[in-house]
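Chemist: Pasting upload14.txt here (compact mmCIF, C-alpha atoms and all ligand atoms):
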# COMPACT_ATOMS: atom_id res chain seq x y z
CA MET A 698 36.30 240.62 105.83
CA VAL A 699 38.64 238.07 107.36
CA LEU A 700 42.29 238.31 108.40
CA ASP A 701 43.79 234.85 107.86
CA ARG A 702 47.30 235.84 108.82
CA PRO A 703 49.17 239.11 109.36
CA GLY A 704 50.39 240.77 106.20
CA SER A 705 47.93 239.12 103.82
CA PRO A 706 45.01 241.25 102.59
CA LEU A 707 41.66 240.81 104.27
CA ARG A 708 39.55 238.24 102.47
CA GLU A 709 35.88 238.65 101.64
CA ALA A 710 34.06 235.62 103.05
CA GLU A 711 30.61 234.33 103.92
CA LEU A 712 30.67 233.28 107.56
CA PRO A 713 27.80 231.74 109.50
CA GLU A 714 25.84 234.28 111.52
CA PRO A 715 27.45 234.29 115.00
CA THR A 716 25.43 232.76 117.83
CA PRO A 717 25.23 234.77 121.05
CA GLY A 718 26.18 232.88 124.21
CA PRO A 719 24.81 233.60 127.70
CA GLY A 720 24.91 237.34 128.44
CA GLN A 721 25.75 238.16 124.83
CA LEU A 722 23.78 240.09 122.23
CA LEU A 723 23.65 239.51 118.49
CA VAL A 724 24.27 242.86 116.81
CA ARG A 725 23.69 243.86 113.22
CA VAL A 726 26.61 246.12 112.33
CA GLN A 727 25.75 249.49 110.84
CA THR A 728 29.21 251.09 110.77
CA CYS A 729 32.69 250.25 112.03
CA GLY A 730 35.52 252.72 112.45
CA VAL A 731 39.01 251.85 111.26
CA CYS A 732 41.67 252.35 113.91
CA ARG A 733 45.46 252.52 113.80
CA THR A 734 45.41 249.44 116.06
CA ASP A 735 43.73 247.48 113.24
CA LEU A 736 46.73 248.30 111.10
CA HIS A 737 49.11 247.13 113.84
CA VAL A 738 47.24 243.80 113.99
CA PHE A 739 47.17 243.55 110.20
CA ASP A 740 50.93 244.20 110.05
CA GLY A 741 51.72 241.67 112.78
CA GLU A 742 53.03 244.28 115.22
CA LEU A 743 50.57 243.03 117.84
CA THR A 744 51.57 239.45 118.02
CA HIS A 745 48.75 237.39 119.54
CA PRO A 746 45.55 237.93 117.58
CA LYS A 747 42.94 235.20 117.36
CA LEU A 748 43.21 233.82 113.81
CA PRO A 749 41.34 233.87 111.56
CA LEU A 750 40.03 237.18 112.83
CA VAL A 751 37.43 239.81 112.01
CA LEU A 752 39.04 243.18 112.80
CA GLY A 753 37.25 246.28 114.03
CA HIS A 754 36.48 247.71 117.47
CA GLN A 755 34.55 250.92 116.85
CA ILE A 756 31.23 249.29 116.09
CA VAL A 757 27.84 250.96 115.83
CA GLY A 758 24.99 248.51 115.40
CA THR A 759 21.50 247.48 116.39
CA VAL A 760 20.63 244.61 118.68
CA VAL A 761 18.80 242.00 116.62
CA GLY A 762 15.18 241.69 117.74
CA GLU A 763 15.27 245.02 119.62
CA ASN A 764 15.15 248.59 118.42
CA ARG A 765 18.30 249.48 120.36
CA ARG A 766 21.48 251.05 119.01
CA VAL A 767 24.71 250.15 120.80
CA GLY A 768 28.38 251.03 120.54
CA ILE A 769 30.98 248.29 120.90
CA PRO A 770 34.50 249.37 121.92
CA TRP A 771 37.90 247.68 122.20
CA LEU A 772 37.36 246.41 125.76
CA GLY A 773 35.21 243.34 125.11
CA TRP A 774 35.43 241.38 128.36
CA THR A 775 37.18 241.46 131.74
CA ASP A 776 37.28 238.91 134.58
CA GLY A 777 36.00 241.44 137.14
CA GLU A 778 38.11 239.86 139.86
CA CYS A 779 41.82 240.48 139.33
CA ARG A 780 43.54 243.18 141.39
CA PHE A 781 43.28 245.66 138.52
CA CYS A 782 39.54 245.14 138.02
CA ARG A 783 39.01 245.43 141.76
CA SER A 784 40.81 248.78 141.91
CA GLY A 785 38.96 250.60 139.10
CA ARG A 786 41.56 249.72 136.48
CA GLU A 787 39.75 247.20 134.32
CA ASN A 788 41.69 248.61 131.35
CA LEU A 789 44.67 246.67 132.78
CA CYS A 790 42.75 243.44 133.54
CA ASP A 791 45.04 240.40 133.55
CA ASN A 792 42.55 238.43 131.49
CA ALA A 793 40.94 241.12 129.35
CA ARG A 794 39.66 240.23 125.90
CA PHE A 795 39.63 242.81 123.19
CA THR A 796 37.20 243.30 120.32
CA GLY A 797 38.73 242.77 116.90
CA TYR A 798 41.78 241.07 118.47
CA ASP A 799 40.80 238.29 120.89
CA LEU A 800 37.16 238.41 119.77
CA ASP A 801 35.74 238.88 116.28
CA GLY A 802 34.92 242.52 115.61
CA GLY A 803 32.96 244.75 113.28
CA TYR A 804 34.38 244.38 109.76
CA ALA A 805 31.31 242.21 109.22
CA GLU A 806 27.53 242.34 108.96
CA TYR A 807 26.92 240.73 112.35
CA THR A 808 28.84 240.41 115.59
CA VAL A 809 28.18 239.26 119.13
CA VAL A 810 29.02 241.23 122.24
CA ASP A 811 28.87 240.83 126.00
CA GLU A 812 25.99 243.11 126.93
CA ARG A 813 27.91 244.54 129.92
CA PHE A 814 30.53 246.02 127.63
CA CYS A 815 28.21 247.83 125.20
CA LEU A 816 27.98 251.60 125.38
CA ALA A 817 24.91 253.77 124.83
CA LEU A 818 25.48 256.27 122.01
CA PRO A 819 24.35 259.90 121.99
CA GLU A 820 21.42 260.30 119.60
CA ARG A 821 22.71 263.33 117.74
CA TYR A 822 25.34 261.27 115.91
CA SER A 823 24.65 259.16 112.84
CA GLY A 824 26.29 255.76 112.61
CA LEU A 825 29.14 257.16 110.51
CA GLU A 826 29.68 260.06 112.88
CA ALA A 827 29.51 257.97 116.05
CA ALA A 828 31.96 255.20 115.11
CA PRO A 829 35.18 257.22 115.62
CA LEU A 830 34.04 258.25 119.09
CA LEU A 831 34.41 254.64 120.23
CA CYS A 832 38.20 254.40 120.11
CA ALA A 833 39.75 257.48 118.55
CA GLY A 834 37.58 259.55 120.87
CA LEU A 835 37.67 257.30 123.91
CA ILE A 836 41.39 256.58 124.04
CA GLY A 837 42.06 260.21 123.22
CA TYR A 838 39.83 261.21 126.12
CA ARG A 839 41.64 258.90 128.54
CA SER A 840 44.96 260.33 127.33
CA LEU A 841 43.68 263.87 127.79
CA ARG A 842 42.59 263.11 131.37
CA LEU A 843 46.12 261.86 132.09
CA THR A 844 47.59 265.21 131.10
CA GLY A 845 45.88 266.74 134.15
CA ASP A 846 44.94 270.41 133.91
CA SER A 847 47.56 271.24 131.26
CA GLU A 848 46.74 274.53 129.59
CA ARG A 849 49.16 274.35 126.64
CA LEU A 850 48.64 270.96 125.02
CA GLY A 851 50.65 269.49 122.15
CA LEU A 852 49.09 266.83 119.90
CA TYR A 853 51.59 264.83 117.83
CA GLY A 854 49.92 263.18 114.83
CA PHE A 855 46.76 264.96 113.78
CA GLY A 856 44.58 262.05 112.71
CA ALA A 857 41.43 260.35 113.93
CA SER A 858 42.06 260.84 117.65
CA ALA A 859 43.61 264.29 117.62
CA HIS A 860 40.85 265.80 115.49
CA ILE A 861 38.36 264.82 118.20
CA ILE A 862 40.49 265.63 121.21
CA ALA A 863 41.47 269.07 119.89
CA GLN A 864 37.79 270.00 120.08
CA VAL A 865 37.38 268.63 123.61
CA ALA A 866 40.57 270.35 124.79
CA ARG A 867 39.47 273.67 123.39
CA HIS A 868 36.05 273.26 125.03
CA GLU A 869 37.89 272.82 128.33
CA GLY A 870 39.82 276.05 127.84
CA ARG A 871 43.12 274.49 126.83
CA ARG A 872 45.24 275.78 123.96
CA VAL A 873 46.15 273.19 121.35
CA PHE A 874 49.44 273.02 119.46
CA ALA A 875 49.22 270.52 116.59
CA PHE A 876 52.19 268.64 115.13
CA THR A 877 51.92 266.84 111.80
CA ARG A 878 54.34 265.10 109.48
CA PRO A 879 56.79 267.76 108.27
CA GLY A 880 55.37 269.57 105.24
CA ASP A 881 51.78 268.31 105.72
CA GLU A 882 50.17 271.67 105.14
CA ASP A 883 46.69 270.21 104.64
CA GLY A 884 46.94 268.49 108.01
CA GLN A 885 48.10 271.72 109.63
CA ALA A 886 45.24 273.69 108.06
CA PHE A 887 42.79 271.02 109.27
CA ALA A 888 44.16 271.39 112.82
CA ARG A 889 43.74 275.16 112.73
CA GLU A 890 40.15 274.76 111.48
CA LEU A 891 39.46 272.63 114.54
CA GLY A 892 40.79 275.28 116.90
CA ALA A 893 44.54 274.71 117.20
CA VAL A 894 46.29 277.99 118.06
CA TRP A 895 49.41 276.77 116.26
CA ALA A 896 50.19 273.97 113.82
CA GLY A 897 53.55 272.89 112.45
CA GLY A 898 55.81 269.97 111.62
CA SER A 899 56.77 267.47 114.31
CA GLU A 900 60.39 268.59 114.30
CA GLU A 901 59.52 272.23 114.90
CA ARG A 902 59.62 273.84 118.30
CA PRO A 903 56.27 275.32 119.27
CA PRO A 904 56.24 279.08 119.96
CA GLU A 905 55.71 278.42 123.67
CA GLU A 906 56.66 275.66 126.07
CA LEU A 907 53.97 273.00 126.49
CA ASP A 908 52.44 271.76 129.75
CA ALA A 909 51.68 268.39 128.19
CA ALA A 910 51.78 266.51 124.92
CA ILE A 911 49.92 263.47 123.64
CA ILE A 912 51.64 261.37 120.99
CA PHE A 913 49.12 259.66 118.71
CA ALA A 914 51.52 258.77 115.89
CA PRO A 915 53.23 255.36 116.31
CA VAL A 916 56.67 256.92 115.99
CA GLY A 917 59.12 256.53 118.87
CA ALA A 918 61.35 259.33 117.57
CA LEU A 919 58.61 261.76 118.57
CA VAL A 920 59.18 261.02 122.27
CA PRO A 921 62.40 263.02 122.70
CA LEU A 922 61.00 265.76 120.45
CA ALA A 923 57.90 266.06 122.61
CA LEU A 924 59.93 266.01 125.84
CA ARG A 925 62.08 268.78 124.47
CA ALA A 926 58.97 270.92 123.91
CA LEU A 927 57.77 270.58 127.52
CA ALA A 928 57.95 273.05 130.37
CA LYS A 929 59.21 271.80 133.76
CA GLY A 930 56.81 269.34 135.37
CA GLY A 931 55.09 268.60 132.05
CA SER A 932 53.92 265.20 130.80
CA VAL A 933 54.19 263.27 127.57
CA VAL A 934 51.44 260.68 127.13
CA CYS A 935 51.85 257.98 124.46
CA ALA A 936 48.35 257.04 123.33
CA GLY A 937 49.05 254.19 120.93
CA ILE A 938 49.25 250.46 121.55
CA HIS A 939 52.43 250.13 119.50
CA MET A 940 55.30 252.46 118.68
CA THR A 941 58.61 252.13 116.88
CA ASP A 942 61.64 252.11 119.21
CA ILE A 943 62.33 255.26 121.16
CA PRO A 944 65.82 256.59 120.46
CA ALA A 945 68.17 257.23 123.39
CA PHE A 946 68.02 260.78 124.69
CA PRO A 947 69.86 262.83 127.30
CA TYR A 948 68.48 262.67 130.82
CA GLU A 949 68.08 266.43 130.91
CA LEU A 950 65.01 266.07 128.66
CA LEU A 951 63.28 264.17 131.49
CA TRP A 952 64.85 266.10 134.39
CA GLU A 953 62.80 268.67 136.34
CA GLU A 954 59.95 266.27 136.94
CA ARG A 955 58.88 265.77 133.38
CA VAL A 956 56.79 262.62 133.07
CA LEU A 957 56.65 260.05 130.27
CA ARG A 958 53.83 257.50 130.31
CA SER A 959 51.60 255.37 128.11
CA VAL A 960 47.85 254.84 128.01
CA ALA A 961 46.47 251.33 127.74
CA ASN A 962 42.93 250.45 126.64
CA LEU A 963 39.87 251.97 128.28
CA THR A 964 37.47 251.42 131.14
CA ARG A 965 33.70 251.41 130.72
CA ARG A 966 33.69 254.51 132.89
CA ASP A 967 35.88 256.33 130.33
CA GLY A 968 33.27 255.40 127.73
CA GLU A 969 30.33 256.67 129.73
CA GLU A 970 32.09 259.93 130.62
CA PHE A 971 33.31 260.65 127.13
CA LEU A 972 30.04 259.79 125.39
CA ALA A 973 28.23 262.13 127.79
CA LEU A 974 30.73 264.91 127.12
CA ALA A 975 30.99 264.63 123.31
CA PRO A 976 27.53 266.06 122.51
CA GLN A 977 28.07 268.92 124.96
CA VAL A 978 31.21 270.17 123.20
CA PRO A 979 29.76 269.33 120.67
CA VAL A 980 32.42 267.15 119.06
CA ARG A 981 32.09 267.04 115.30
CA THR A 982 33.69 263.98 113.71
CA VAL A 983 35.09 264.17 110.20
CA VAL A 984 34.84 260.81 108.45
CA GLU A 985 35.66 259.22 105.15
CA ALA A 986 33.29 256.35 104.39
CA PHE A 987 34.31 253.08 102.73
CA ALA A 988 32.17 250.06 101.83
CA LEU A 989 32.81 246.91 103.86
CA GLU A 990 34.50 245.20 100.93
CA GLN A 991 36.88 248.18 100.65
CA ALA A 992 38.34 247.48 104.10
CA ASN A 993 41.80 246.87 102.65
CA ASP A 994 41.71 250.28 100.96
CA ALA A 995 40.58 251.89 104.20
CA LEU A 996 43.58 250.39 106.04
CA GLU A 997 45.98 251.56 103.34
CA SER A 998 44.59 255.07 103.35
CA MET A 999 45.16 255.21 107.10
CA ARG A 1000 48.72 254.02 106.60
CA SER A 1001 49.37 256.73 104.02
CA GLY A 1002 48.42 259.51 106.45
CA ARG A 1003 46.30 261.14 103.75
CA LEU A 1004 42.99 260.75 105.57
CA ARG A 1005 41.20 263.73 106.98
CA GLY A 1006 39.73 262.61 110.29
CA SER A 1007 38.64 258.95 110.48
CA ALA A 1008 38.00 256.12 108.06
CA VAL A 1009 34.70 254.34 108.71
CA LEU A 1010 33.23 251.26 107.06
CA ALA A 1011 29.58 251.80 106.14
CA VAL A 1012 28.32 248.24 106.48
CA ALA A 1013 24.54 248.49 106.45
CA GLY A 1014 24.19 251.98 105.01
CA GLU A 1015 21.97 254.63 106.54
ZN ZN B 1101 40.54 241.73 135.72
ZN ZN B 1102 41.36 251.63 118.42
Is it possible to express this structure as structure tokens?
Modeler:
Amino acid sequence: MVLDRPGSPLREAELPEPTPGPGQLLVRVQTCGVCRTDLHVFDGELTHPKLPLVLGHQIVGTVVGENRRVGIPWLGWTDGECRFCRSGRENLCDNARFTGYDLDGGYAEYTVVDERFCLALPERYSGLEAAPLLCAGLIGYRSLRLTGDSERLGLYGFGASAHIIAQVARHEGRRVFAFTRPGDEDGQAFARELGAVWAGGSEERPPEELDAAIIFAPVGALVPLALRALAKGGSVVCAGIHMTDIPAFPYELLWEERVLRSVANLTRRDGEEFLALAPQVPVRTVVEAFALEQANDALESMRSGRLRGSAVLAVAGE
């Protein structure tokens, strides 16, 4: 399914099977998760995609000619030599290339990947179950780490990432407060099922002050709301790659050492740590499967906010 230009529906096409270059593997795609970032690329909010482009960066597949299952995440290549790579921050690499943005991704039957950037997947997960771990889970995990040892954790936007991270947070002894679109009672019930001690609308004040909050929804207006919910010294972490503008807010919301920061991309180490942790929790992923040729529908259902958990394209079936 090919993106010719932002804003136009993905087009079903027959492309030649990709040819792996040196150090690359040819992978037969089994499943590919649909991420909010895909929607930002589709909508033109991320402005420099390779075009035409195959979207998708939560890929579960098998290496052609081997009986080996691999996971392919957003971080597709780094130079290994810039000052960020040399200081353990390859997520910020000056020359990074990203799967399903700079490189063709997994809304397809085959893809190629640099072998060094593949991740080993825990066996207990099927292809459908494993796909959302690769970005929703991974970026959520990196965001969670950046909240430090926060005990009372707010999650704004209870979608693909939050439904995974709520389970991890609870496993770590944190208490989760879930914020959904106002009036989304199904979403709030879903959050409580996954262990949230409280769930409400994003404009509500939680019953207690929070030590940290992660904002997964791409809505800048949530930033001052989340800051307002924090205790002194607390952090707000913005987990998305794009957000609408943040409205002006009084300095007192940031005063008393509150912290506001973003999370960008992932390192391979995040991937290894999270994929080792997920089966211990154990994280259970809730997915809605779509056929590859329904990729446009999958994107629209993510936009609508009606999904429970994650949308995943079932490419090769299982
Ligand atoms: Zn680098
Ligand atoms: Zn993603």
Chemist: Residues contacting ligand ZN 1101 (chain B) - anything with an atom at most 9 Å away, using only C-alpha atoms and all ligand atoms - can you give me those as a PyMOL selection string?
Modeler: chain A and resi 774-783+786-793
Chemist: Please identify all polymer residues within 7 Å of segment 961-977 of chain A, counting all atoms listed in the file, omitting same-chain residues fewer than 2 positions from it, and present them as a list in words.
Modeler: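 In the requested form, the answer reads Leu772, Arg786, Glu787, Asn788, Phe814, Leu816, Leu818, Pro819, Leu835, Ile836, Tyr838, Arg839, Ile938, Ser959, Pro979 and Val980 of chain A.
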Chemist: Within 10 Å of ligand ZN 1102 (chain B) (counting only C-alpha atoms and all ligand atoms), which residues show up? I'd like them as number ranges by chain.
Modeler: A: 730-736, 753-755, 770-772, 796-797, 829-837, 857-858, 937-938, 962-963
Chemist: For the residues in the current selection, export C-alpha atoms as a PDB file, in the frame of the given file.
Modeler:
ATOM      1  CA  GLY A 730      35.520 252.720 112.450  1.00  0.00           C
ATOM      2  CA  VAL A 731      39.010 251.850 111.260  1.00  0.00           C
ATOM      3  CA  CYS A 732      41.670 252.350 113.910  1.00  0.00           C
ATOM      4  CA  ARG A 733      45.460 252.520 113.800  1.00  0.00           C
ATOM      5  CA  THR A 734      45.410 249.440 116.060  1.00  0.00           C
ATOM      6  CA  ASP A 735      43.730 247.480 113.240  1.00  0.00           C
ATOM      7  CA  LEU A 736      46.730 248.300 111.100  1.00  0.00           C
ATOM      8  CA  GLY A 753      37.250 246.280 114.030  1.00  0.00           C
ATOM      9  CA  HIS A 754      36.480 247.710 117.470  1.00  0.00           C
ATOM     10  CA  GLN A 755      34.550 250.920 116.850  1.00  0.00           C
ATOM     11  CA  PRO A 770      34.500 249.370 121.920  1.00  0.00           C
ATOM     12  CA  TRP A 771      37.900 247.680 122.200  1.00  0.00           C
ATOM     13  CA  LEU A 772      37.360 246.410 125.760  1.00  0.00           C
ATOM     14  CA  THR A 796      37.200 243.300 120.320  1.00  0.00           C
ATOM     15  CA  GLY A 797      38.730 242.770 116.900  1.00  0.00           C
ATOM     16  CA  PRO A 829      35.180 257.220 115.620  1.00  0.00           C
ATOM     17  CA  LEU A 830      34.040 258.250 119.090  1.00  0.00           C
ATOM     18  CA  LEU A 831      34.410 254.640 120.230  1.00  0.00           C
ATOM     19  CA  CYS A 832      38.200 254.400 120.110  1.00  0.00           C
ATOM     20  CA  ALA A 833      39.750 257.480 118.550  1.00  0.00           C
ATOM     21  CA  GLY A 834      37.580 259.550 120.870  1.00  0.00           C
ATOM     22  CA  LEU A 835      37.670 257.300 123.910  1.00  0.00           C
ATOM     23  CA  ILE A 836      41.390 256.580 124.040  1.00  0.00           C
ATOM     24  CA  GLY A 837      42.060 260.210 123.220  1.00  0.00           C
ATOM     25  CA  ALA A 857      41.430 260.350 113.930  1.00  0.00           C
ATOM     26  CA  SER A 858      42.060 260.840 117.650  1.00  0.00           C
ATOM     27  CA  GLY A 937      49.050 254.190 120.930  1.00  0.00           C
ATOM     28  CA  ILE A 938      49.250 250.460 121.550  1.00  0.00           C
ATOM     29  CA  ASN A 962      42.930 250.450 126.640  1.00  0.00           C
ATOM     30  CA  LEU A 963      39.870 251.970 128.280  1.00  0.00           C
TER      31      LEU A 963
END
Chemist: Mind giving me the straight-line distance from atom CA of Glu826 of chain A to atom CA of Ala863 of chain A in Å, one decimal?
Modeler: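 That distance, rounded to one decimal, is 16.4 Å.
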Chemist: Which one of A:Ala945, A:Ala936, A:Ile911, A:Val865 sits closest to Gly851 of chain A if you count only C-alpha atoms?
Modeler: A:Ile911
Chemist: Any idea what the distance is between atom CA of Glu763 of chain A and atom CA of Ala817 of chain A?
Modeler: 14.0 Å
Chemist: Calculate how many Å separate atom CA of Thr877 of chain A from atom CA of Leu989 of chain A, rounding to one decimal.
Modeler: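 Going from atom CA of Thr877 of chain A over to atom CA of Leu989 of chain A covers 28.7 Å.
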Chemist: Which residue out of A:Leu996, A:Gly845, A:Val916, A:Val873 has the minimum interatomic distance to Gly930 of chain A when all atoms listed in the file are used?
Modeler: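 Nearest to Gly930 of chain A: A:Gly845.
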Chemist: With 10 Å as the threshold, what does the neighbourhood of (25.5, 248.8, 110.7) contain in terms of residues, counting all atoms listed in the file? Coordinates are those of the file; answer as a list in words.
Modeler: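 Within 10 Å of (25.5, 248.8, 110.7), the protein and nucleic acid residues are Val724, Arg725, Val726, Gln727, Thr728, Cys729, Ile756, Val757, Gly758, Thr759, Arg766, Gly803, Tyr804, Ala805, Glu806, Tyr807, Gly824, Leu825, Leu1010, Ala1011, Val1012, Ala1013, Gly1014 and Glu1015 of chain A.
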Chemist: Which residue gives the smallest distance to Gly720 of chain A among A:Val810, A:Val956, A:Arg849, A:Arg821, with all atoms listed in the file counted?
Modeler: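 Selected residue with least distance to Gly720 of chain A: A:Val810.
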Chemist: Smallest atom-to-atom distance to Leu957 of chain A: which of A:Ala893, A:Ala875, A:Ala986, A:Thr844, using all atoms listed in the file?
Modeler: A:Thr844
Chemist: Which residues are near Gly1006 of chain A? Cut-off 7 Å, all atoms listed in the file, ignore same chain within fewer than 6 positions. Put them as a PyMOL selection string.
Modeler: chain A and resi 856-857+860+983-984
Chemist: When you look at Val978 of chain A with a cut-off of 10 Å (counting only C-alpha atoms), what residues show up, excluding the ones that are within fewer than 6 positions of it in the same chain? I need them as a VMD selection string.
Modeler: chain A and resid 864 to 869
